[in-house]
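Participant: Provided herewith: protein-v2.cif, mmCIF, C-alpha atoms and all ligand atoms.
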data_input
loop_
_atom_site.group_PDB
_atom_site.id
_atom_site.type_symbol
_atom_site.label_atom_id
_atom_site.label_comp_id
_atom_site.auth_asym_id
_atom_site.auth_seq_id
_atom_site.Cartn_x
_atom_site.Cartn_y
_atom_site.Cartn_z
ATOM 1 C CA MET Q 41 -12.434 -16.040 -8.901
ATOM 2 C CA SER Q 42 -8.713 -16.561 -8.882
ATOM 3 C CA TYR Q 43 -6.176 -15.862 -11.637
ATOM 4 C CA THR Q 44 -3.929 -18.688 -12.737
ATOM 5 C CA TYR Q 45 -0.164 -18.357 -12.850
ATOM 6 C CA GLU Q 46 -0.406 -18.441 -16.650
ATOM 7 C CA GLU Q 47 -2.882 -15.529 -16.714
ATOM 8 C CA CYS Q 48 -0.617 -13.448 -14.465
ATOM 9 C CA LYS Q 49 2.357 -14.373 -16.647
ATOM 10 C CA ALA Q 50 0.489 -13.351 -19.802
ATOM 11 C CA THR Q 51 -0.159 -9.885 -18.342
ATOM 12 C CA ALA Q 52 3.464 -9.494 -17.173
ATOM 13 C CA ASP Q 53 4.771 -10.623 -20.577
ATOM 14 C CA TRP Q 54 2.397 -8.195 -22.342
ATOM 15 C CA LEU Q 55 3.827 -5.329 -20.253
ATOM 16 C CA MET Q 56 7.449 -6.408 -20.733
ATOM 17 C CA ALA Q 57 6.959 -6.527 -24.482
ATOM 18 C CA GLN Q 58 6.144 -2.799 -24.428
ATOM 19 C CA THR Q 59 8.867 -1.426 -22.173
ATOM 20 C CA ASP Q 60 12.531 -2.171 -21.570
ATOM 21 C CA ILE Q 61 12.296 -1.019 -17.960
ATOM 22 C CA ARG Q 62 12.789 -3.968 -15.602
ATOM 23 C CA PRO Q 63 11.706 -2.703 -12.176
ATOM 24 C CA ARG Q 64 13.148 -4.057 -8.917
ATOM 25 C CA ILE Q 65 10.916 -1.810 -6.811
ATOM 26 C CA GLY Q 66 7.103 -1.722 -7.024
ATOM 27 C CA ILE Q 67 5.180 1.140 -5.446
ATOM 28 C CA VAL Q 68 1.440 1.307 -4.674
ATOM 29 C CA CYS Q 69 0.034 4.804 -4.123
ATOM 30 C CA GLY Q 70 -2.823 5.390 -1.676
ATOM 31 C CA SER Q 71 -5.764 7.821 -1.821
ATOM 32 C CA GLY Q 72 -4.543 11.269 -2.796
ATOM 33 C CA LEU Q 73 -0.917 10.050 -2.818
ATOM 34 C CA GLY Q 74 -0.574 9.272 -6.524
ATOM 35 C CA GLY Q 75 1.794 12.223 -7.059
ATOM 36 C CA LEU Q 76 4.655 9.868 -6.257
ATOM 37 C CA ALA Q 77 4.336 8.380 -9.753
ATOM 38 C CA ASN Q 78 4.969 11.823 -11.263
ATOM 39 C CA LEU Q 79 8.500 11.751 -9.822
ATOM 40 C CA LEU Q 80 9.449 8.887 -12.137
ATOM 41 C CA LYS Q 81 11.706 9.816 -15.062
ATOM 42 C CA ASP Q 82 11.510 8.352 -18.591
ATOM 43 C CA GLN Q 83 7.948 7.244 -17.987
ATOM 44 C CA VAL Q 84 6.107 4.524 -19.838
ATOM 45 C CA VAL Q 85 2.451 4.732 -18.812
ATOM 46 C CA PHE Q 86 -0.377 2.208 -19.177
ATOM 47 C CA ASN Q 87 -4.002 2.928 -18.388
ATOM 48 C CA TYR Q 88 -5.470 0.071 -16.377
ATOM 49 C CA ARG Q 89 -8.238 -0.324 -18.953
ATOM 50 C CA ASP Q 90 -5.642 -1.213 -21.608
ATOM 51 C CA ILE Q 91 -3.847 -3.907 -19.569
ATOM 52 C CA PRO Q 92 -5.105 -7.478 -20.090
ATOM 53 C CA ASN Q 93 -6.889 -8.894 -16.973
ATOM 54 C CA PHE Q 94 -6.479 -5.641 -14.996
ATOM 55 C CA PRO Q 95 -9.393 -4.313 -12.926
ATOM 56 C CA GLN Q 96 -10.405 -0.636 -13.227
ATOM 57 C CA SER Q 97 -10.114 2.046 -10.518
ATOM 58 C CA THR Q 98 -13.534 3.365 -9.578
ATOM 59 C CA VAL Q 99 -12.593 5.724 -6.734
ATOM 60 C CA HIS Q 100 -12.180 9.494 -6.926
ATOM 61 C CA GLY Q 101 -8.550 10.254 -6.006
ATOM 62 C CA HIS Q 102 -7.212 7.085 -7.670
ATOM 63 C CA ALA Q 103 -5.986 7.690 -11.221
ATOM 64 C CA GLY Q 104 -5.864 4.178 -12.678
ATOM 65 C CA ARG Q 105 -2.445 4.155 -14.335
ATOM 66 C CA LEU Q 106 0.523 1.844 -14.141
ATOM 67 C CA VAL Q 107 3.664 3.943 -14.513
ATOM 68 C CA PHE Q 108 7.102 2.502 -15.304
ATOM 69 C CA GLY Q 109 10.141 4.756 -14.932
ATOM 70 C CA THR Q 110 13.238 5.467 -12.913
ATOM 71 C CA LEU Q 111 13.410 7.090 -9.508
ATOM 72 C CA LYS Q 112 16.874 8.547 -9.059
ATOM 73 C CA GLY Q 113 18.216 5.987 -11.487
ATOM 74 C CA ARG Q 114 16.423 2.987 -9.993
ATOM 75 C CA PRO Q 115 13.923 1.246 -12.252
ATOM 76 C CA CYS Q 116 10.484 1.278 -10.608
ATOM 77 C CA VAL Q 117 6.877 0.494 -11.408
ATOM 78 C CA CYS Q 118 4.147 2.467 -9.711
ATOM 79 C CA MET Q 119 0.426 1.844 -9.353
ATOM 80 C CA GLN Q 120 -1.244 5.215 -9.457
ATOM 81 C CA GLY Q 121 -4.521 4.077 -7.960
ATOM 82 C CA ARG Q 122 -5.271 0.749 -6.318
ATOM 83 C CA PHE Q 123 -8.261 -1.551 -5.881
ATOM 84 C CA HIS Q 124 -10.318 -2.065 -2.754
ATOM 85 C CA LEU Q 125 -12.739 -4.661 -1.419
ATOM 86 C CA TYR Q 126 -15.503 -2.057 -1.259
ATOM 87 C CA GLU Q 127 -15.385 -1.616 -5.040
ATOM 88 C CA GLY Q 128 -16.937 -5.046 -5.179
ATOM 89 C CA TYR Q 129 -13.979 -6.841 -6.730
ATOM 90 C CA PRO Q 130 -13.081 -10.325 -5.529
ATOM 91 C CA ILE Q 131 -10.051 -10.124 -3.244
ATOM 92 C CA GLN Q 132 -7.900 -12.072 -5.739
ATOM 93 C CA LYS Q 133 -8.577 -9.445 -8.365
ATOM 94 C CA ILE Q 134 -7.579 -6.604 -6.021
ATOM 95 C CA THR Q 135 -4.202 -8.209 -5.442
ATOM 96 C CA LEU Q 136 -3.489 -9.355 -9.017
ATOM 97 C CA PRO Q 137 -1.107 -6.424 -9.686
ATOM 98 C CA ILE Q 138 1.156 -7.583 -6.842
ATOM 99 C CA ARG Q 139 1.702 -10.945 -8.541
ATOM 100 C CA ILE Q 140 2.355 -9.109 -11.769
ATOM 101 C CA PHE Q 141 4.999 -7.048 -9.929
ATOM 102 C CA LYS Q 142 6.655 -10.312 -8.913
ATOM 103 C CA LEU Q 143 6.654 -11.646 -12.462
ATOM 104 C CA LEU Q 144 8.129 -8.364 -13.717
ATOM 105 C CA GLY Q 145 11.128 -8.956 -11.437
ATOM 106 C CA VAL Q 146 10.172 -6.713 -8.512
ATOM 107 C CA ASP Q 147 11.706 -7.774 -5.179
ATOM 108 C CA THR Q 148 10.698 -4.881 -2.906
ATOM 109 C CA VAL Q 149 7.181 -3.450 -2.607
ATOM 110 C CA ILE Q 150 6.483 -0.056 -1.054
ATOM 111 C CA LEU Q 151 2.849 0.719 -0.262
ATOM 112 C CA THR Q 152 1.188 3.909 0.930
ATOM 113 C CA ASN Q 153 -2.308 4.505 2.223
ATOM 114 C CA ALA Q 154 -4.528 7.052 3.893
ATOM 115 C CA ALA Q 155 -5.727 5.982 7.330
ATOM 116 C CA GLY Q 156 -7.722 7.160 10.327
ATOM 117 C CA GLY Q 157 -5.735 7.611 13.547
ATOM 118 C CA LEU Q 158 -6.817 5.497 16.532
ATOM 119 C CA ASN Q 159 -3.708 6.074 18.649
ATOM 120 C CA GLN Q 160 -4.497 9.121 20.748
ATOM 121 C CA ASP Q 161 -0.920 10.398 20.421
ATOM 122 C CA PHE Q 162 -1.264 10.613 16.629
ATOM 123 C CA LYS Q 163 -2.157 13.862 14.888
ATOM 124 C CA VAL Q 164 -3.657 14.486 11.491
ATOM 125 C CA GLY Q 165 -0.734 14.703 9.051
ATOM 126 C CA ASP Q 166 1.432 12.168 10.890
ATOM 127 C CA ILE Q 167 3.146 9.537 8.749
ATOM 128 C CA MET Q 168 3.054 6.071 10.327
ATOM 129 C CA ILE Q 169 5.545 3.395 9.364
ATOM 130 C CA MET Q 170 3.574 0.150 9.434
ATOM 131 C CA LYS Q 171 5.193 -2.414 11.708
ATOM 132 C CA ASP Q 172 2.312 -4.899 11.667
ATOM 133 C CA HIS Q 173 -1.314 -5.355 10.680
ATOM 134 C CA ILE Q 174 -4.651 -6.780 11.829
ATOM 135 C CA ASN Q 175 -6.525 -8.427 8.962
ATOM 136 C CA MET Q 176 -10.195 -8.158 9.954
ATOM 137 C CA PRO Q 177 -11.646 -9.413 6.647
ATOM 138 C CA GLY Q 178 -9.245 -12.352 7.001
ATOM 139 C CA PHE Q 179 -10.870 -13.274 10.341
ATOM 140 C CA ALA Q 180 -14.140 -13.526 8.439
ATOM 141 C CA GLY Q 181 -12.643 -15.807 5.779
ATOM 142 C CA ASN Q 182 -11.771 -13.200 3.178
ATOM 143 C CA ASN Q 183 -8.049 -13.776 2.612
ATOM 144 C CA PRO Q 184 -6.462 -13.202 -0.806
ATOM 145 C CA LEU Q 185 -4.733 -16.593 -0.592
ATOM 146 C CA SER Q 186 -7.994 -18.548 -0.159
ATOM 147 C CA GLY Q 187 -8.496 -21.148 -2.833
ATOM 148 C CA PRO Q 188 -6.033 -23.472 -4.565
ATOM 149 C CA ASN Q 189 -2.381 -22.636 -3.869
ATOM 150 C CA ASP Q 190 0.107 -22.453 -6.741
ATOM 151 C CA GLU Q 191 3.553 -23.276 -5.352
ATOM 152 C CA ARG Q 192 5.145 -21.272 -8.162
ATOM 153 C CA PHE Q 193 4.008 -18.192 -6.239
ATOM 154 C CA GLY Q 194 4.585 -19.462 -2.718
ATOM 155 C CA THR Q 195 3.813 -21.864 0.085
ATOM 156 C CA ARG Q 196 0.299 -22.824 1.259
ATOM 157 C CA PHE Q 197 0.796 -21.408 4.776
ATOM 158 C CA PRO Q 198 3.012 -18.316 4.602
ATOM 159 C CA CYS Q 199 4.471 -16.716 7.732
ATOM 160 C CA MET Q 200 3.221 -13.196 8.533
ATOM 161 C CA SER Q 201 5.116 -12.415 11.742
ATOM 162 C CA ASP Q 202 7.913 -10.959 9.596
ATOM 163 C CA ALA Q 203 5.641 -9.294 7.022
ATOM 164 C CA TYR Q 204 7.065 -5.793 7.421
ATOM 165 C CA ASP Q 205 10.792 -5.704 6.748
ATOM 166 C CA ARG Q 206 12.540 -4.424 9.879
ATOM 167 C CA GLU Q 207 15.638 -3.216 8.046
ATOM 168 C CA LEU Q 208 13.512 -1.041 5.778
ATOM 169 C CA GLN Q 209 11.550 0.318 8.759
ATOM 170 C CA GLN Q 210 14.820 1.260 10.442
ATOM 171 C CA LEU Q 211 16.155 2.826 7.266
ATOM 172 C CA ALA Q 212 12.947 4.837 6.760
ATOM 173 C CA MET Q 213 13.146 6.093 10.333
ATOM 174 C CA GLU Q 214 16.746 7.243 9.728
ATOM 175 C CA VAL Q 215 15.859 8.874 6.411
ATOM 176 C CA GLY Q 216 12.850 10.584 8.026
ATOM 177 C CA GLN Q 217 15.018 11.974 10.832
ATOM 178 C CA GLU Q 218 17.574 13.266 8.326
ATOM 179 C CA LEU Q 219 14.848 14.997 6.324
ATOM 180 C CA GLY Q 220 13.623 16.703 9.507
ATOM 181 C CA TYR Q 221 10.376 14.718 9.670
ATOM 182 C CA GLY Q 222 10.984 13.407 13.198
ATOM 183 C CA ASP Q 223 8.099 15.414 14.644
ATOM 184 C CA PHE Q 224 5.478 13.670 12.554
ATOM 185 C CA LEU Q 225 7.019 10.273 11.824
ATOM 186 C CA ARG Q 226 5.474 7.447 13.864
ATOM 187 C CA GLU Q 227 5.255 3.686 13.760
ATOM 188 C CA GLY Q 228 2.332 1.434 14.487
ATOM 189 C CA VAL Q 229 -0.188 -1.270 13.688
ATOM 190 C CA TYR Q 230 -2.666 -0.837 10.823
ATOM 191 C CA CYS Q 231 -6.048 -2.539 10.884
ATOM 192 C CA VAL Q 232 -7.868 -3.144 7.599
ATOM 193 C CA LEU Q 233 -11.653 -3.208 7.302
ATOM 194 C CA SER Q 234 -13.577 -3.763 4.109
ATOM 195 C CA GLY Q 235 -15.391 -0.393 4.072
ATOM 196 C CA PRO Q 236 -16.788 1.626 2.358
ATOM 197 C CA SER Q 237 -18.710 2.923 5.389
ATOM 198 C CA PHE Q 238 -16.407 4.532 7.918
ATOM 199 C CA GLU Q 239 -16.282 3.027 11.413
ATOM 200 C CA THR Q 240 -18.747 3.678 14.201
ATOM 201 C CA ILE Q 241 -17.531 5.077 17.495
ATOM 202 C CA ALA Q 242 -17.905 1.667 19.146
ATOM 203 C CA GLU Q 243 -15.894 0.043 16.341
ATOM 204 C CA CYS Q 244 -13.079 2.584 16.689
ATOM 205 C CA ARG Q 245 -12.925 2.013 20.425
ATOM 206 C CA MET Q 246 -12.836 -1.725 19.882
ATOM 207 C CA LEU Q 247 -10.049 -1.544 17.286
ATOM 208 C CA HIS Q 248 -7.990 0.687 19.533
ATOM 209 C CA ARG Q 249 -8.346 -1.765 22.416
ATOM 210 C CA LEU Q 250 -7.314 -4.601 20.132
ATOM 211 C CA GLY Q 251 -3.987 -2.896 19.489
ATOM 212 C CA ALA Q 252 -4.554 -0.983 16.253
ATOM 213 C CA ASP Q 253 -2.998 2.471 15.877
ATOM 214 C CA ALA Q 254 -4.629 3.270 12.546
ATOM 215 C CA VAL Q 255 -7.556 2.013 10.481
ATOM 216 C CA GLY Q 256 -8.035 1.893 6.728
ATOM 217 C CA MET Q 257 -9.466 -0.069 3.817
ATOM 218 C CA SER Q 258 -6.422 -1.269 1.869
ATOM 219 C CA THR Q 259 -2.799 -2.456 1.825
ATOM 220 C CA VAL Q 260 -3.046 -5.596 3.986
ATOM 221 C CA HIS Q 261 -4.301 -7.849 1.169
ATOM 222 C CA GLU Q 262 -1.465 -6.638 -1.038
ATOM 223 C CA VAL Q 263 1.073 -7.231 1.735
ATOM 224 C CA ILE Q 264 -0.125 -10.819 2.229
ATOM 225 C CA VAL Q 265 0.182 -11.587 -1.476
ATOM 226 C CA ALA Q 266 3.591 -9.888 -1.699
ATOM 227 C CA ARG Q 267 4.955 -11.884 1.257
ATOM 228 C CA HIS Q 268 3.478 -15.097 -0.109
ATOM 229 C CA CYS Q 269 5.613 -14.710 -3.230
ATOM 230 C CA GLY Q 270 8.706 -13.657 -1.278
ATOM 231 C CA MET Q 271 8.924 -9.915 -1.893
ATOM 232 C CA ARG Q 272 10.109 -7.527 0.833
ATOM 233 C CA VAL Q 273 7.481 -5.097 2.067
ATOM 234 C CA PHE Q 274 7.576 -1.582 3.415
ATOM 235 C CA ALA Q 275 4.370 0.403 4.051
ATOM 236 C CA LEU Q 276 3.414 3.893 5.211
ATOM 237 C CA SER Q 277 0.082 5.293 6.415
ATOM 238 C CA LEU Q 278 -0.700 8.958 6.193
ATOM 239 C CA ILE Q 279 -3.022 9.816 9.080
ATOM 240 C CA THR Q 280 -5.609 11.894 7.252
ATOM 241 C CA ASN Q 281 -8.166 12.124 10.046
ATOM 242 C CA GLN Q 282 -8.661 11.184 13.670
ATOM 243 C CA ALA Q 283 -11.052 8.280 14.077
ATOM 244 C CA VAL Q 284 -13.998 9.450 16.177
ATOM 245 C CA MET Q 285 -13.803 7.771 19.609
ATOM 246 C CA ASP Q 286 -16.065 9.963 21.669
ATOM 247 C CA TYR Q 287 -19.844 10.486 21.670
ATOM 248 C CA ASP Q 288 -19.392 14.205 22.457
ATOM 249 C CA SER Q 289 -17.304 14.772 19.329
ATOM 250 C CA GLU Q 290 -18.765 16.744 16.436
ATOM 251 C CA GLU Q 291 -16.158 15.297 13.998
ATOM 252 C CA LYS Q 292 -17.301 13.203 11.049
ATOM 253 C CA ALA Q 293 -14.958 11.106 8.877
ATOM 254 C CA ASN Q 294 -15.264 12.005 5.199
ATOM 255 C CA HIS Q 295 -13.388 11.325 1.984
ATOM 256 C CA GLU Q 296 -12.778 15.027 1.188
ATOM 257 C CA GLU Q 297 -10.822 15.465 4.413
ATOM 258 C CA VAL Q 298 -8.810 12.369 3.522
ATOM 259 C CA LEU Q 299 -7.872 13.810 0.115
ATOM 260 C CA GLN Q 300 -7.175 17.272 1.531
ATOM 261 C CA THR Q 301 -4.676 16.003 4.130
ATOM 262 C CA GLY Q 302 -3.105 13.857 1.425
ATOM 263 C CA LYS Q 303 -2.431 17.004 -0.595
ATOM 264 C CA GLN Q 304 -0.871 18.853 2.327
ATOM 265 C CA ARG Q 305 1.587 16.131 3.317
ATOM 266 C CA SER Q 306 2.040 14.437 -0.030
ATOM 267 C CA GLU Q 307 5.263 16.196 -0.967
ATOM 268 C CA GLN Q 308 6.980 15.127 2.234
ATOM 269 C CA LEU Q 309 5.680 11.597 1.896
ATOM 270 C CA GLU Q 310 6.955 11.480 -1.693
ATOM 271 C CA ARG Q 311 10.371 12.727 -0.604
ATOM 272 C CA LEU Q 312 10.539 10.132 2.160
ATOM 273 C CA VAL Q 313 9.763 7.319 -0.282
ATOM 274 C CA SER Q 314 12.059 8.549 -3.045
ATOM 275 C CA THR Q 315 14.964 9.052 -0.633
ATOM 276 C CA LEU Q 316 14.332 5.624 0.841
ATOM 277 C CA VAL Q 317 14.490 4.117 -2.643
ATOM 278 C CA THR Q 318 17.944 5.638 -3.220
ATOM 279 C CA ARG Q 319 19.158 4.534 0.170
ATOM 280 C CA ILE Q 320 18.054 0.965 -0.439
ATOM 281 C CA GLU Q 321 20.551 1.057 -3.287
ATOM 282 C CA HIS Q 322 23.292 2.751 -1.243
ATOM 283 C CA ASN Q 323 22.883 0.308 1.583
ATOM 284 C CA ASN Q 324 23.213 -2.467 -0.908
ATOM 285 C CA ILE Q 325 20.391 -4.455 0.641
ATOM 286 C CA TYR Q 326 19.971 -6.090 -2.735
ATOM 287 C CA ALA Q 327 21.823 -9.268 -3.465
HETATM 288 N N1 LIG M 401 -11.324 4.890 8.390
HETATM 289 C C1 LIG M 401 -11.111 3.995 7.413
HETATM 290 N N2 LIG M 401 -10.387 4.272 6.348
HETATM 291 C C2 LIG M 401 -9.817 5.474 6.256
HETATM 292 C C3 LIG M 401 -9.992 6.444 7.231
HETATM 293 C C4 LIG M 401 -10.792 6.134 8.363
HETATM 294 O O1 LIG M 401 -10.996 6.944 9.287
HETATM 295 N N3 LIG M 401 -9.290 7.542 6.844
HETATM 296 C C5 LIG M 401 -8.708 7.229 5.662
HETATM 297 N N4 LIG M 401 -9.037 5.976 5.296
#
Just give me the structure of the file as structure tokens.
Ligand code: HPA
Facilitator:
Amino acid sequence: MSYTYEECKATADWLMAQTDIRPRIGIVCGSGLGGLANLLKDQVVFNYRDIPNFPQSTVHGHAGRLVFGTLKGRPCVCMQGRFHLYEGYPIQKITLPIRIFKLLGVDTVILTNAAGGLNQDFKVGDIMIMKDHINMPGFAGNNPLSGPNDERFGTRFPCMSDAYDRELQQLAMEVGQELGYGDFLREGVYCVLSGPSFETIAECRMLHRLGADAVGMSTVHEVIVARHCGMRVFALSLITNQAVMDYDSEEKANHEEVLQTGKQRSEQLERLVSTLVTRIEHNNIYA
């Protein structure tokens, strides 16, 4: 099931009728990383259940609120809680909020997620700037752009080799160094799987060999939809656990560990994103 342009527009218009904030930056918070929304000043908050056409968050650690506000003077909108394939929603429903961002006037999307580390140099607590992705569900035909294409959003065959804005990656690296985060700031390739079961050892080994540095269950669908409608994208993964790659290991991936690591690093991740937002303004990347 796909939403029409008119349905997306109706939801965006409904939101704009209730707040004067006109965000240029849209932020999507990953598992355990929703604290970012609390940094917004002059908040106007909507529960997902009250927004026409919106899906509901069903996952522990995802609040289910759309928060409008300003981050150091910049108008932003923040999804506190996102939707995943494993919740059973059609992929077009998961990515609906991204199109609503576009219709609200957003031109830059910042996404965060929790991910398992595949790169053996990564440690738990590292923050990885996403430079690229591998869309596994897409290989199996599950792409959010499947179905009729509405040119008002974008072209039928969008380019993805420039999905992750290089200027923003560079800027984030600089900001991270200035904040003293150099020791745990990395960059790499994120591979999405549909979940909800975590990966087997053989699957982790395979993904690593295919060039993935981290594995998770989100973000990529949102990135594809954001690029389709011409928004700039920046994304960060918090490495909350090491993917198990070895049959001798006693480690077991679990959601509690994911949330726990999120809590420990969340303040630094929030500061990185909020400083980046101010620097986007200072650098005058906007037209
Ligand atoms: N695998 C998939 N998704 C994840 C993981 C993982 O190890 N950690 C956090 N999200």
Participant: Pull out every residue that the PyMOL selection byres (((not hetatm)) within 9 of (chain M and resi 401)) matches in the shown coordinates and put them as a PyMOL selection string.
Facilitator: chain Q and resi 71+153-158+231-239+244+254-258+278-284+293-295+297-299
Participant: Write out as a Markdown table a residue-level contact list of stretch 125-177 of chain Q versus stretch 105-108 of chain Q with cut-off 12 Å: for each qualifying residue the closest pair of atoms and the distance in Å to one decimal, counting only C-alpha atoms, rows sorted by chain and residue number upward.
Facilitator:
| residue | atom | partner | partner_atom | distance |
| --- | --- | --- | --- | --- |
| Q:Pro137 | CA | Q:Leu106 | CA | 9.5 |
| Q:Ile138 | CA | Q:Leu106 | CA | 11.9 |
| Q:Ile140 | CA | Q:Leu106 | CA | 11.4 |
| Q:Phe141 | CA | Q:Leu106 | CA | 10.8 |
| Q:Leu144 | CA | Q:Phe108 | CA | 11.0 |
| Q:Val146 | CA | Q:Phe108 | CA | 11.9 |
Participant: To one decimal place in Å, what is the distance between atom CA of Q:His248 and atom CA of Q:Ile174?
Facilitator: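 Between atom CA of Q:His248 and atom CA of Q:Ile174 the gap is 11.2 Å.
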Participant: Do you know which residues the PyMOL selection byres (((chain Q and resi 198) around 10) and not hetatm) returns on this file, as an NGL selection string?
Facilitator: :Q and (185 or 194-197 or 199-201 or 203 or 264-265 or 267-270)
Participant: Write out as a ChimeraX atom specification which residues come within 12 Å of Q:Met56 when counting all atoms listed in the file, dropping same-chain ones fewer than 4 positions away.
Facilitator: /Q:49-52,60-63,84,86,91,108,117,140-141,143-145
Participant: The PyMOL selection byres (((chain Q and resi 216) around 12) and not hetatm) on the file shown: which residues, as a VMD selection string?
Facilitator: chain Q and resid 166 to 169 208 to 215 217 to 227 276 308 to 316 319
Participant: Work out where the centre of an axis-aligned box around every listed atom of stretch 253-257 of chain Q lies and how long its edges are once 6 Å is added on each side; give both in Å to one decimal as lines of an AutoDock Vina configuration file.
Facilitator:
center_x = -6.2
center_y = 1.6
center_z = 9.8
size_x = 18.5
size_y = 15.3
size_z = 24.1
Participant: Quick check, in Å to one decimal: how far apart do atom CA of Q:Met170 and atom CA of Q:Gly128 lie?
Facilitator: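 Separation of atom CA of Q:Met170 and atom CA of Q:Gly128: 25.7 Å.
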Participant: Suppose you want the space between atom CA of Q:Val149 and atom CA of Q:Arg64; what is it in Å?
Facilitator: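 Computing it gives 8.7 Å between the two atoms.
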Participant: Give me, as JSON lines, each residue of stretch 81-118 of chain Q that comes within 8 Å of stretch 122-127 of chain Q, together with its shortest interatomic pair and the distance in Å at one decimal, counting all atoms listed in the file, with rows ordered by chain and rising residue number.
Facilitator:
{"residue": "Q:Pro95", "atom": "CA", "partner": "Q:Phe123", "partner_atom": "CA", "distance": 7.7}
{"residue": "Q:Gln96", "atom": "CA", "partner": "Q:Phe123", "partner_atom": "CA", "distance": 7.7}
{"residue": "Q:Ser97", "atom": "CA", "partner": "Q:Phe123", "partner_atom": "CA", "distance": 6.2}
{"residue": "Q:Thr98", "atom": "CA", "partner": "Q:Glu127", "partner_atom": "CA", "distance": 7.0}
{"residue": "Q:His102", "atom": "CA", "partner": "Q:Arg122", "partner_atom": "CA", "distance": 6.8}
{"residue": "Q:Gly104", "atom": "CA", "partner": "Q:Arg122", "partner_atom": "CA", "distance": 7.2}
Participant: Filtering to C-alpha atoms, could stretch 255-285 of chain Q of the supplied structure be written out as an mmCIF file, in the first residue's frame?
Facilitator:
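result-v7.cif, freshly written:
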data_model
loop_
_atom_site.group_PDB
_atom_site.id
_atom_site.type_symbol
_atom_site.label_atom_id
_atom_site.label_comp_id
_atom_site.auth_asym_id
_atom_site.auth_seq_id
_atom_site.Cartn_x
_atom_site.Cartn_y
_atom_site.Cartn_z
ATOM 1 C CA VAL Q 255 24.521 -3.876 10.443
ATOM 2 C CA GLY Q 256 21.099 -2.674 11.527
ATOM 3 C CA MET Q 257 17.384 -2.713 10.772
ATOM 4 C CA SER Q 258 16.565 0.863 9.754
ATOM 5 C CA THR Q 259 17.603 4.133 8.089
ATOM 6 C CA VAL Q 260 18.280 2.939 4.524
ATOM 7 C CA HIS Q 261 14.620 3.015 3.441
ATOM 8 C CA GLU Q 262 14.307 6.540 4.802
ATOM 9 C CA VAL Q 263 17.496 7.612 3.022
ATOM 10 C CA ILE Q 264 16.219 6.284 -0.319
ATOM 11 C CA VAL Q 265 12.940 8.166 0.019
ATOM 12 C CA ALA Q 266 14.711 11.348 1.158
ATOM 13 C CA ARG Q 267 17.103 11.270 -1.816
ATOM 14 C CA HIS Q 268 14.260 10.505 -4.205
ATOM 15 C CA CYS Q 269 12.610 13.790 -3.237
ATOM 16 C CA GLY Q 270 15.881 15.734 -3.307
ATOM 17 C CA MET Q 271 16.708 16.233 0.366
ATOM 18 C CA ARG Q 272 20.309 16.135 1.615
ATOM 19 C CA VAL Q 273 21.105 13.256 3.940
ATOM 20 C CA PHE Q 274 23.472 12.788 6.832
ATOM 21 C CA ALA Q 275 23.375 9.643 9.007
ATOM 22 C CA LEU Q 276 25.146 8.311 12.093
ATOM 23 C CA SER Q 277 25.283 4.801 13.566
ATOM 24 C CA LEU Q 278 26.010 4.228 17.205
ATOM 25 C CA ILE Q 279 27.805 0.889 17.508
ATOM 26 C CA THR Q 280 25.900 -0.624 20.411
ATOM 27 C CA ASN Q 281 27.308 -4.140 20.188
ATOM 28 C CA GLN Q 282 29.867 -6.172 18.295
ATOM 29 C CA ALA Q 283 28.261 -8.530 15.808
ATOM 30 C CA VAL Q 284 29.239 -12.085 16.737
ATOM 31 C CA MET Q 285 31.667 -13.420 14.099
#
